[in-house]
$ cat start36.txt   # compact mmCIF, C-alpha atoms
# COMPACT_ATOMS: atom_id res chain seq x y z
CA MET A 1 52.90 -12.96 160.89
CA VAL A 2 56.20 -11.87 162.34
CA GLY A 3 56.98 -9.97 159.17
CA SER A 4 53.66 -8.15 158.91
CA ALA A 5 53.30 -7.10 162.54
CA PRO A 6 55.78 -4.21 162.42
CA ARG A 7 54.24 -2.90 159.18
CA HIS A 8 50.82 -2.92 160.79
CA THR A 9 52.15 -1.17 163.90
CA THR A 10 53.91 1.46 161.78
CA ARG A 11 50.76 2.17 159.82
CA ALA A 12 48.66 2.33 163.00
CA THR A 13 51.19 4.71 164.56
CA ARG A 14 51.18 6.89 161.47
CA GLU A 15 47.38 7.05 161.50
CA ASP A 16 47.38 7.81 165.24
CA GLY A 17 49.90 10.54 164.49
CA GLN A 18 47.58 12.13 161.92
CA VAL A 19 44.72 11.97 164.41
CA THR A 20 46.82 13.61 167.14
CA ARG A 21 48.08 16.26 164.74
CA ALA A 22 44.54 17.13 163.65
CA ALA A 23 43.30 17.15 167.26
CA LEU A 24 46.08 19.59 168.21
CA LEU A 25 45.21 21.85 165.28
CA ASP A 26 41.51 21.82 166.24
CA ALA A 27 42.22 22.47 169.93
CA GLY A 28 44.68 25.25 169.08
CA THR A 29 42.24 26.89 166.67
CA ALA A 30 39.48 26.97 169.32
CA LEU A 31 41.72 28.21 172.14
CA PHE A 32 43.52 30.87 170.04
CA ALA A 33 40.16 32.20 168.80
CA GLU A 34 39.04 32.57 172.41
CA ARG A 35 42.19 33.93 174.08
CA GLY A 36 44.69 34.94 171.40
CA LEU A 37 48.21 33.63 170.82
CA THR A 38 49.69 35.03 174.03
CA GLY A 39 46.73 33.98 176.20
CA VAL A 40 47.19 30.25 175.60
CA SER A 41 50.07 27.98 176.65
CA LEU A 42 51.44 24.97 174.81
CA THR A 43 50.45 22.79 177.79
CA GLN A 44 46.82 23.96 177.65
CA ILE A 45 46.57 23.11 173.96
CA ALA A 46 48.06 19.65 174.55
CA GLU A 47 45.60 19.04 177.42
CA ALA A 48 42.60 20.11 175.34
CA ALA A 49 43.69 17.69 172.59
CA ASP A 50 44.39 14.85 175.03
CA ALA A 51 48.04 14.89 173.92
CA PHE A 52 51.48 15.59 175.37
CA PRO A 53 53.15 19.04 175.19
CA SER A 54 56.10 17.33 173.46
CA GLN A 55 53.73 16.35 170.62
CA VAL A 56 53.06 20.05 169.86
CA THR A 57 56.81 20.49 169.51
CA TYR A 58 57.12 17.29 167.46
CA TYR A 59 54.39 18.13 164.93
CA PHE A 60 54.62 21.93 164.77
CA GLY A 61 57.98 22.96 166.23
CA GLY A 62 56.23 24.88 169.01
CA LYS A 63 53.22 27.01 169.87
CA GLU A 64 53.93 29.62 167.17
CA GLY A 65 54.23 26.90 164.52
CA LEU A 66 50.86 25.47 165.53
CA PHE A 67 49.35 28.97 165.52
CA VAL A 68 50.64 29.74 162.01
CA GLU A 69 49.48 26.39 160.63
CA ALA A 70 46.02 26.78 162.22
CA ALA A 71 45.76 30.33 160.82
CA CYS A 72 46.73 29.16 157.31
CA ARG A 73 44.20 26.31 157.39
CA GLY A 74 41.64 28.85 158.63
CA LEU A 75 42.32 31.25 155.76
CA LEU A 76 41.88 28.51 153.14
CA ARG A 77 38.50 27.76 154.75
CA VAL A 78 37.60 31.46 154.49
CA ALA A 79 38.42 31.19 150.77
CA THR A 80 35.99 28.28 150.43
CA ARG A 81 33.23 30.30 152.16
CA VAL A 82 34.00 33.32 149.95
CA GLU A 83 33.67 31.22 146.80
CA ALA A 84 30.37 29.76 148.05
CA ALA A 85 29.07 33.25 148.85
CA GLY A 86 29.74 34.42 145.31
CA ALA A 87 28.22 31.37 143.62
CA GLY A 88 24.62 32.61 143.75
CA ALA A 89 25.25 36.11 142.39
CA SER A 90 23.75 36.96 139.02
CA THR A 91 25.43 40.34 138.39
CA PRO A 92 29.10 41.44 138.72
CA GLU A 93 28.10 43.93 141.42
CA ALA A 94 26.25 41.31 143.49
CA TYR A 95 29.21 38.95 143.06
CA VAL A 96 31.82 41.47 144.22
CA ARG A 97 29.60 42.65 147.09
CA ALA A 98 29.08 39.04 148.26
CA ILE A 99 32.76 38.04 148.15
CA VAL A 100 34.08 41.28 149.73
CA GLY A 101 31.36 41.26 152.43
CA THR A 102 31.90 37.62 153.33
CA ALA A 103 35.69 37.98 153.50
CA VAL A 104 35.94 41.18 155.58
CA HIS A 105 33.49 39.90 158.24
CA ASP A 106 35.35 36.63 158.77
CA PRO A 107 37.50 36.54 161.95
CA GLY A 108 39.77 34.05 160.15
CA LEU A 109 41.30 36.98 158.24
CA LEU A 110 42.52 38.67 161.42
CA THR A 111 44.00 35.47 162.80
CA PHE A 112 45.91 35.15 159.54
CA VAL A 113 47.12 38.77 159.85
CA GLU A 114 48.42 37.94 163.32
CA ALA A 115 50.17 34.87 161.90
CA MET A 116 51.86 37.05 159.26
CA LEU A 117 53.23 39.28 162.03
CA VAL A 118 54.41 36.24 164.04
CA VAL A 119 56.39 35.12 161.01
CA ARG A 120 58.39 38.34 161.08
CA ARG A 121 60.10 36.98 164.22
CA HIS A 122 59.96 33.28 163.23
CA ARG A 123 61.37 33.22 159.72
CA ASP A 124 61.41 29.40 159.67
CA LEU A 125 57.59 29.58 159.49
CA ALA A 126 57.55 31.93 156.48
CA PRO A 127 57.26 29.09 153.90
CA THR A 128 53.91 28.05 155.46
CA ILE A 129 52.54 31.55 154.86
CA ALA A 130 54.03 31.70 151.36
CA ASP A 131 52.49 28.30 150.46
CA THR A 132 49.11 29.48 151.74
CA PHE A 133 49.23 32.63 149.62
CA SER A 134 50.25 30.53 146.66
CA ARG A 135 47.23 28.21 147.12
CA LEU A 136 44.97 31.20 147.80
CA HIS A 137 46.02 32.89 144.56
CA THR A 138 45.77 29.71 142.48
CA GLU A 139 42.34 28.83 143.87
CA GLY A 140 41.23 32.46 143.53
CA GLU A 141 42.32 32.60 139.90
CA ARG A 142 40.41 29.39 139.18
CA ALA A 143 37.27 30.69 140.99
CA VAL A 144 37.34 33.98 139.07
CA THR A 145 37.88 32.20 135.75
CA ASP A 146 34.98 29.80 136.49
CA THR A 147 32.73 32.74 137.37
CA LEU A 148 33.61 34.65 134.20
CA ILE A 149 32.95 31.62 132.00
CA ARG A 150 29.70 30.67 133.73
CA HIS A 151 28.22 34.18 133.41
CA GLY A 152 29.95 35.38 130.25
CA TRP A 153 31.46 38.32 132.13
CA SER A 154 34.77 39.97 131.20
CA LEU A 155 37.70 41.56 133.05
CA ARG A 156 40.00 44.42 132.17
CA THR A 157 42.90 42.66 133.94
CA THR A 158 43.60 38.93 134.35
CA PRO A 159 41.89 36.57 136.83
CA ALA A 160 45.29 36.14 138.54
CA THR A 161 45.61 39.89 139.11
CA GLU A 162 42.03 40.10 140.37
CA ALA A 163 42.61 37.26 142.87
CA ARG A 164 45.85 38.78 144.25
CA ALA A 165 44.44 42.28 144.55
CA PHE A 166 41.22 40.97 146.11
CA TRP A 167 43.03 39.25 149.00
CA ALA A 168 45.39 42.17 149.65
CA THR A 169 42.44 44.57 149.74
CA VAL A 170 40.16 42.50 151.98
CA LEU A 171 43.04 41.87 154.42
CA GLY A 172 43.47 45.64 154.72
CA VAL A 173 39.74 46.29 155.09
CA ALA A 174 39.32 43.56 157.72
CA LEU A 175 42.15 45.11 159.73
CA GLU A 176 40.64 48.58 159.58
CA ARG A 177 37.25 47.20 160.56
CA ALA A 178 38.68 45.32 163.55
CA ALA A 179 40.65 48.31 164.81
CA THR A 180 38.14 51.11 164.32
CA GLY A 181 34.76 49.41 164.63
CA GLU A 182 31.92 48.62 162.30
CA HIS A 183 30.79 52.16 161.47
CA VAL A 184 33.93 53.71 160.01
CA SER A 185 35.04 50.72 158.01
CA THR A 186 31.72 50.17 156.23
CA ASP A 187 32.80 53.04 153.98
CA THR A 188 36.13 51.37 153.30
CA ALA A 189 34.45 48.04 152.55
CA GLU A 190 32.24 49.92 150.09
CA ALA A 191 35.35 51.56 148.58
CA ALA A 192 36.89 48.11 148.17
CA VAL A 193 33.74 46.91 146.39
CA LEU A 194 33.93 49.85 144.00
CA LEU A 195 37.64 49.27 143.42
CA VAL A 196 37.20 45.58 142.61
CA LEU A 197 34.08 46.37 140.56
CA ASN A 198 36.23 48.46 138.23
CA LEU A 199 37.56 45.16 137.03
CA HIS A 200 34.16 44.50 135.44
CA PRO A 201 33.89 47.65 133.33
CA ASP A 202 31.73 46.13 130.61
CA GLN A 203 28.90 45.45 133.03
CA SER A 204 28.77 48.84 134.80
CA MET B 1 56.37 89.30 190.28
CA VAL B 2 54.66 87.10 192.80
CA GLY B 3 51.62 86.92 190.55
CA SER B 4 53.52 86.13 187.39
CA ALA B 5 55.90 83.56 188.81
CA PRO B 6 53.38 80.71 189.06
CA ARG B 7 52.10 81.43 185.54
CA HIS B 8 55.62 81.32 184.22
CA THR B 9 56.25 78.09 186.12
CA THR B 10 53.05 76.56 184.79
CA ARG B 11 53.98 77.46 181.26
CA ALA B 12 57.51 76.16 181.73
CA THR B 13 56.13 72.94 183.19
CA ARG B 14 53.69 72.54 180.33
CA GLU B 15 56.49 73.08 177.80
CA ASP B 16 58.70 70.63 179.70
CA GLY B 17 55.79 68.21 179.57
CA GLN B 18 55.54 68.52 175.80
CA VAL B 19 59.30 67.99 175.50
CA THR B 20 59.16 64.89 177.70
CA ARG B 21 56.14 63.54 175.81
CA ALA B 22 57.90 64.01 172.46
CA ALA B 23 61.13 62.48 173.80
CA LEU B 24 59.20 59.40 174.99
CA LEU B 25 57.51 59.05 171.57
CA ASP B 26 60.88 59.32 169.79
CA ALA B 27 62.59 56.84 172.13
CA GLY B 28 59.66 54.42 171.86
CA THR B 29 59.60 54.65 168.07
CA ALA B 30 63.33 53.83 167.82
CA LEU B 31 63.24 50.96 170.35
CA PHE B 32 60.04 49.37 168.97
CA ALA B 33 61.47 49.49 165.43
CA GLU B 34 64.54 47.63 166.67
CA ARG B 35 63.02 45.06 169.04
CA GLY B 36 59.24 45.04 168.57
CA LEU B 37 56.51 45.75 171.12
CA THR B 38 57.20 42.71 173.31
CA GLY B 39 60.99 43.11 173.19
CA VAL B 40 61.01 46.51 174.94
CA SER B 41 60.01 47.39 178.50
CA LEU B 42 58.39 50.57 179.77
CA THR B 43 61.48 51.18 181.94
CA GLN B 44 63.83 50.93 178.94
CA ILE B 45 61.82 53.50 177.00
CA ALA B 46 61.79 55.89 179.97
CA GLU B 47 65.56 55.48 180.41
CA ALA B 48 66.24 56.15 176.71
CA ALA B 49 64.14 59.35 176.93
CA ASP B 50 65.77 60.45 180.23
CA ALA B 51 62.34 60.26 181.88
CA PHE B 52 60.60 58.29 184.63
CA PRO B 53 58.55 55.13 183.94
CA SER B 54 55.60 56.87 185.64
CA GLN B 55 55.71 59.52 182.89
CA VAL B 56 54.98 56.87 180.23
CA THR B 57 51.89 55.94 182.23
CA TYR B 58 50.99 59.61 182.76
CA TYR B 59 51.22 60.64 179.10
CA PHE B 60 50.20 57.42 177.32
CA GLY B 61 48.44 55.20 179.86
CA GLY B 62 51.14 52.54 179.46
CA LYS B 63 53.51 50.90 176.99
CA GLU B 64 50.73 49.84 174.59
CA GLY B 65 49.34 53.38 174.52
CA LEU B 66 52.77 54.76 173.65
CA PHE B 67 53.18 52.08 170.97
CA VAL B 68 49.83 52.87 169.34
CA GLU B 69 50.45 56.62 169.39
CA ALA B 70 53.95 56.18 167.93
CA ALA B 71 52.55 53.90 165.22
CA CYS B 72 49.82 56.40 164.31
CA ARG B 73 52.30 59.28 164.13
CA GLY B 74 54.49 57.01 161.98
CA LEU B 75 51.67 56.22 159.54
CA LEU B 76 50.85 59.90 159.04
CA ARG B 77 54.54 60.42 158.18
CA VAL B 78 54.30 57.56 155.65
CA ALA B 79 51.35 59.43 154.10
CA THR B 80 53.50 62.55 153.74
CA ARG B 81 56.25 60.54 152.02
CA VAL B 82 53.68 58.87 149.74
CA GLU B 83 52.31 62.25 148.67
CA ALA B 84 55.84 63.54 148.01
CA ALA B 85 56.64 60.42 145.95
CA GLY B 86 53.61 61.02 143.71
CA ALA B 87 54.27 64.74 143.22
CA GLY B 88 56.76 64.31 140.37
CA ALA B 89 54.74 61.85 138.28
CA SER B 90 53.52 63.04 134.90
CA THR B 91 51.19 60.15 133.98
CA PRO B 92 48.48 58.34 136.00
CA GLU B 93 50.46 55.11 135.75
CA ALA B 94 53.68 56.70 137.06
CA TYR B 95 51.68 58.34 139.85
CA VAL B 96 49.99 55.11 141.01
CA ARG B 97 53.25 53.15 140.69
CA ALA B 98 55.10 55.77 142.81
CA ILE B 99 52.52 55.95 145.59
CA VAL B 100 51.91 52.17 145.82
CA GLY B 101 55.66 51.41 145.66
CA THR B 102 56.55 53.98 148.32
CA ALA B 103 53.80 52.85 150.68
CA VAL B 104 54.33 49.07 150.53
CA HIS B 105 58.09 49.35 151.14
CA ASP B 106 57.71 51.53 154.25
CA PRO B 107 58.18 49.66 157.57
CA GLY B 108 55.82 52.20 159.15
CA LEU B 109 52.89 50.32 157.60
CA LEU B 110 53.72 47.11 159.46
CA THR B 111 54.12 48.89 162.78
CA PHE B 112 50.67 50.36 162.22
CA VAL B 113 49.27 46.89 161.43
CA GLU B 114 50.70 45.67 164.73
CA ALA B 115 49.09 48.63 166.51
CA MET B 116 45.71 47.72 164.96
CA LEU B 117 46.04 44.21 166.41
CA VAL B 118 47.05 45.60 169.83
CA VAL B 119 43.86 47.66 169.86
CA ARG B 120 41.77 44.47 169.62
CA ARG B 121 42.78 43.77 173.24
CA HIS B 122 42.99 47.44 174.36
CA ARG B 123 39.71 48.94 173.20
CA ASP B 124 40.42 52.23 175.04
CA LEU B 125 43.10 52.88 172.40
CA ALA B 126 40.72 52.34 169.44
CA PRO B 127 39.85 56.06 169.10
CA THR B 128 43.53 56.84 168.38
CA ILE B 129 43.46 54.41 165.44
CA ALA B 130 40.07 55.70 164.27
CA ASP B 131 41.30 59.33 164.38
CA THR B 132 44.39 58.35 162.40
CA PHE B 133 42.31 56.67 159.68
CA SER B 134 40.08 59.71 159.60
CA ARG B 135 43.07 62.05 159.06
CA LEU B 136 44.59 59.62 156.56
CA HIS B 137 41.40 59.53 154.49
CA THR B 138 40.87 63.30 154.64
CA GLU B 139 44.48 64.04 153.68
CA GLY B 140 44.38 61.33 151.01
CA GLU B 141 41.20 62.74 149.48
CA ARG B 142 42.79 66.21 149.37
CA ALA B 143 46.00 64.83 147.82
CA VAL B 144 44.07 62.93 145.11
CA THR B 145 41.88 65.95 144.36
CA ASP B 146 44.97 68.21 144.08
CA THR B 147 46.64 65.71 141.73
CA LEU B 148 43.56 65.44 139.49
CA ILE B 149 43.23 69.21 139.22
CA ARG B 150 46.94 69.81 138.63
CA HIS B 151 47.15 67.26 135.79
CA GLY B 152 43.60 67.44 134.43
CA TRP B 153 43.11 63.71 135.11
CA SER B 154 39.73 62.12 135.89
CA LEU B 155 38.45 59.31 138.11
CA ARG B 156 35.62 56.84 137.68
CA THR B 157 34.94 56.92 141.45
CA THR B 158 35.44 59.77 143.96
CA PRO B 159 38.77 60.90 145.47
CA ALA B 160 37.44 59.79 148.90
CA THR B 161 36.83 56.25 147.61
CA GLU B 162 40.25 56.15 145.97
CA ALA B 163 41.98 57.26 149.20
CA ARG B 164 40.16 54.67 151.36
CA ALA B 165 40.71 51.81 148.95
CA PHE B 166 44.36 52.79 148.42
CA TRP B 167 45.23 52.52 152.13
CA ALA B 168 43.32 49.26 152.64
CA THR B 169 45.09 47.72 149.64
CA VAL B 170 48.62 48.86 150.50
CA LEU B 171 48.20 47.66 154.10
CA GLY B 172 47.32 44.22 152.75
CA VAL B 173 50.19 44.20 150.23
CA ALA B 174 52.73 45.35 152.86
CA LEU B 175 51.63 42.49 155.13
CA GLU B 176 51.97 39.90 152.38
CA ARG B 177 55.39 41.26 151.44
CA ALA B 178 56.61 41.15 155.06
CA ALA B 179 55.38 37.60 155.63
CA THR B 180 56.36 35.94 152.37
CA GLY B 181 59.40 37.90 151.22
CA GLU B 182 60.15 40.25 148.38
CA HIS B 183 59.76 37.89 145.44
CA VAL B 184 56.20 36.64 145.87
CA SER B 185 54.67 39.94 146.86
CA THR B 186 56.08 41.89 143.91
CA ASP B 187 53.28 40.34 141.87
CA THR B 188 50.70 41.45 144.40
CA ALA B 189 52.11 44.98 144.49
CA GLU B 190 51.79 44.99 140.70
CA ALA B 191 48.21 43.73 141.02
CA ALA B 192 47.48 46.58 143.42
CA VAL B 193 48.93 49.06 140.92
CA LEU B 194 46.65 47.68 138.19
CA LEU B 195 43.64 47.74 140.52
CA VAL B 196 44.19 51.37 141.52
CA LEU B 197 45.03 52.26 137.91
CA ASN B 198 41.52 51.25 136.91
CA LEU B 199 40.44 54.40 138.64
CA HIS B 200 42.04 56.38 135.79
CA PRO B 201 40.26 54.80 132.85
CA ASP B 202 40.43 57.84 130.56
CA GLN B 203 44.22 57.78 130.48
CA SER B 204 44.80 54.08 129.85
$ encode --input "start36.txt" --output "structure tokens"
Amino acid sequence: MVGSAPRHTTRATREDGQVTRAALLDAGTALFAERGLTGVSLTQIAEAADAFPSQVTYYFGGKEGLFVEAACRGLLRVATRVEAAGAGASTPEAYVRAIVGTAVHDPGLLTFVEAMLVVRRHRDLAPTIADTFSRLHTEGERAVTDTLIRHGWSLRTTPATEARAFWATVLGVALERAATGEHVSTDTAEAAVLLVLNLHPDQS
Amino acid sequence: MVGSAPRHTTRATREDGQVTRAALLDAGTALFAERGLTGVSLTQIAEAADAFPSQVTYYFGGKEGLFVEAACRGLLRVATRVEAAGAGASTPEAYVRAIVGTAVHDPGLLTFVEAMLVVRRHRDLAPTIADTFSRLHTEGERAVTDTLIRHGWSLRTTPATEARAFWATVLGVALERAATGEHVSTDTAEAAVLLVLNLHPDQS
């Protein structure tokens, strides 16, 4: 009994820690979406998660660390939605239109752009962004390969190239859309569709 | 003499105004490049331009207005350098490699990305960004058309589509490069080259 008590306490503490960490990420995500990085304080995030400000520092190094981690988690969720959006398409054009359209309308892309700019002044957070891109590219390559096999479609380049170029392009389109408004950037979204569609030359 | 004096004064004042405006833009550009938007105050920019803080407000509406205008002027200069970089290329591949490589390495792209994010919270500045994209796309379309005619190359899509997709893609690649470091994003820059190269199918 004496021997097992500390182990139990340690495990409970570790589980509590995971719960607190997740609660802080959720609270931060909601507050940042509403007010932006500069409009929210570390104390407000801690309060919303029923935690202490020192726990934000402990788990994320600070407000910027929490912001970057929330943005990275958010982008990986965008990737899941993008893959789901493309799953029902029966032609290469419908597929590309679905994945580009879903990605560029998702506010998660802009939060991630903001996180990339934050990292310019917080280089210690750069590995989090790099890891996210790495996962994004790996998952994207797998999704493209699956799609090609399922439909018997072909590519001029490789699935890895397609995945990398897709994310770079939709990040740029989402930015233009956010800054200039819906009307102007519809043309650019369409241009992105045509650009990515060129990767399916045999079906055009 | 009495009649012409005020006119002369008005003209002199207007010219002085243009000089002050340009000096503020130059000072802002240099200081923002060094310390970022949040690291520079309106007073510091005015001092560096030998002007009054009230003149920043008068000409640009405030520090953010000056930042956005400096970033837009900067991006149009990037476009000029990109066009110059492509002028010497003798194959479609060399052309695309030169324009993508020149664009994604230019810090002016990241300043413009930051300006696009600023505009999310300062909607009155959105028309400046929209006008810049409009000029960028028009100039880009002309540059692509000139290049096609000069070399006798052809496109699968239109020069307007190529110009729009090019800028969206290089903005995304520049962001990834800035956030993750040189190594990782070289692959994405290469992916962008291959994507844009698909627009020259007859030469591959």
$ atom_distance --input "start36.txt" --atom1 "CA of Gln55 in chain A" --atom2 "CA of Leu109 in chain A"
27.1 Å
$ interface_residues --input "start36.txt" --of "chain A" --to "chain B" --cutoff "9 Å" --atoms "all atoms listed in the file" --output "PyMOL selection string"
chain A and resi 110+113-120+123+126-131+133-134+156-157+160-176+178-181+184+187-196+198-199
$ write_last_selection --input "start36.txt" --atoms "C-alpha atoms" --output "compact mmCIF listing (two decimals), keeping the file's coordinate frame"
# COMPACT_ATOMS: atom_id res chain seq x y z
CA LEU A 110 42.52 38.67 161.42
CA VAL A 113 47.12 38.77 159.85
CA GLU A 114 48.42 37.94 163.32
CA ALA A 115 50.17 34.87 161.90
CA MET A 116 51.86 37.05 159.26
CA LEU A 117 53.23 39.28 162.03
CA VAL A 118 54.41 36.24 164.04
CA VAL A 119 56.39 35.12 161.01
CA ARG A 120 58.39 38.34 161.08
CA ARG A 123 61.37 33.22 159.72
CA ALA A 126 57.55 31.93 156.48
CA PRO A 127 57.26 29.09 153.90
CA THR A 128 53.91 28.05 155.46
CA ILE A 129 52.54 31.55 154.86
CA ALA A 130 54.03 31.70 151.36
CA ASP A 131 52.49 28.30 150.46
CA PHE A 133 49.23 32.63 149.62
CA SER A 134 50.25 30.53 146.66
CA ARG A 156 40.00 44.42 132.17
CA THR A 157 42.90 42.66 133.94
CA ALA A 160 45.29 36.14 138.54
CA THR A 161 45.61 39.89 139.11
CA GLU A 162 42.03 40.10 140.37
CA ALA A 163 42.61 37.26 142.87
CA ARG A 164 45.85 38.78 144.25
CA ALA A 165 44.44 42.28 144.55
CA PHE A 166 41.22 40.97 146.11
CA TRP A 167 43.03 39.25 149.00
CA ALA A 168 45.39 42.17 149.65
CA THR A 169 42.44 44.57 149.74
CA VAL A 170 40.16 42.50 151.98
CA LEU A 171 43.04 41.87 154.42
CA GLY A 172 43.47 45.64 154.72
CA VAL A 173 39.74 46.29 155.09
CA ALA A 174 39.32 43.56 157.72
CA LEU A 175 42.15 45.11 159.73
CA GLU A 176 40.64 48.58 159.58
CA ALA A 178 38.68 45.32 163.55
CA ALA A 179 40.65 48.31 164.81
CA THR A 180 38.14 51.11 164.32
CA GLY A 181 34.76 49.41 164.63
CA VAL A 184 33.93 53.71 160.01
CA ASP A 187 32.80 53.04 153.98
CA THR A 188 36.13 51.37 153.30
CA ALA A 189 34.45 48.04 152.55
CA GLU A 190 32.24 49.92 150.09
CA ALA A 191 35.35 51.56 148.58
CA ALA A 192 36.89 48.11 148.17
CA VAL A 193 33.74 46.91 146.39
CA LEU A 194 33.93 49.85 144.00
CA LEU A 195 37.64 49.27 143.42
CA VAL A 196 37.20 45.58 142.61
CA ASN A 198 36.23 48.46 138.23
CA LEU A 199 37.56 45.16 137.03
$ residues_around --input "start36.txt" --residues "Ala23 in chain B" --least-positions-apart "3" --cutoff "9 Å" --atoms "only C-alpha atoms" --output "ChimeraX atom specification"
/B:18-20,26-28,48-51
$ residues_around --input "start36.txt" --residues "Gly62 in chain B" --least-positions-apart "3" --cutoff "12 Å" --atoms "only C-alpha atoms" --output "list in words"
Leu24, Gly28, Ser41, Leu42, Thr43, Ile45, Ala46, Pro53, Ser54, Gln55, Val56, Thr57, Tyr58, Tyr59, Gly65, Leu66, Phe67, Val68, Glu69, His122, Asp124 and Leu125 of chain B
$ residues_around --input "start36.txt" --residues "Arg150 in chain B" --least-positions-apart "6" --cutoff "12 Å" --atoms "all atoms listed in the file" --output "MDAnalysis selection string"
chainID B and resid 87:92 143:144
$ atom_distance --input "start36.txt" --atom1 "CA of Leu31 in chain A" --atom2 "CA of Phe112 in chain A"
15.0 Å
$ atom_distance --input "start36.txt" --atom1 "CA of Arg77 in chain A" --atom2 "CA of Val100 in chain A"
15.1 Å
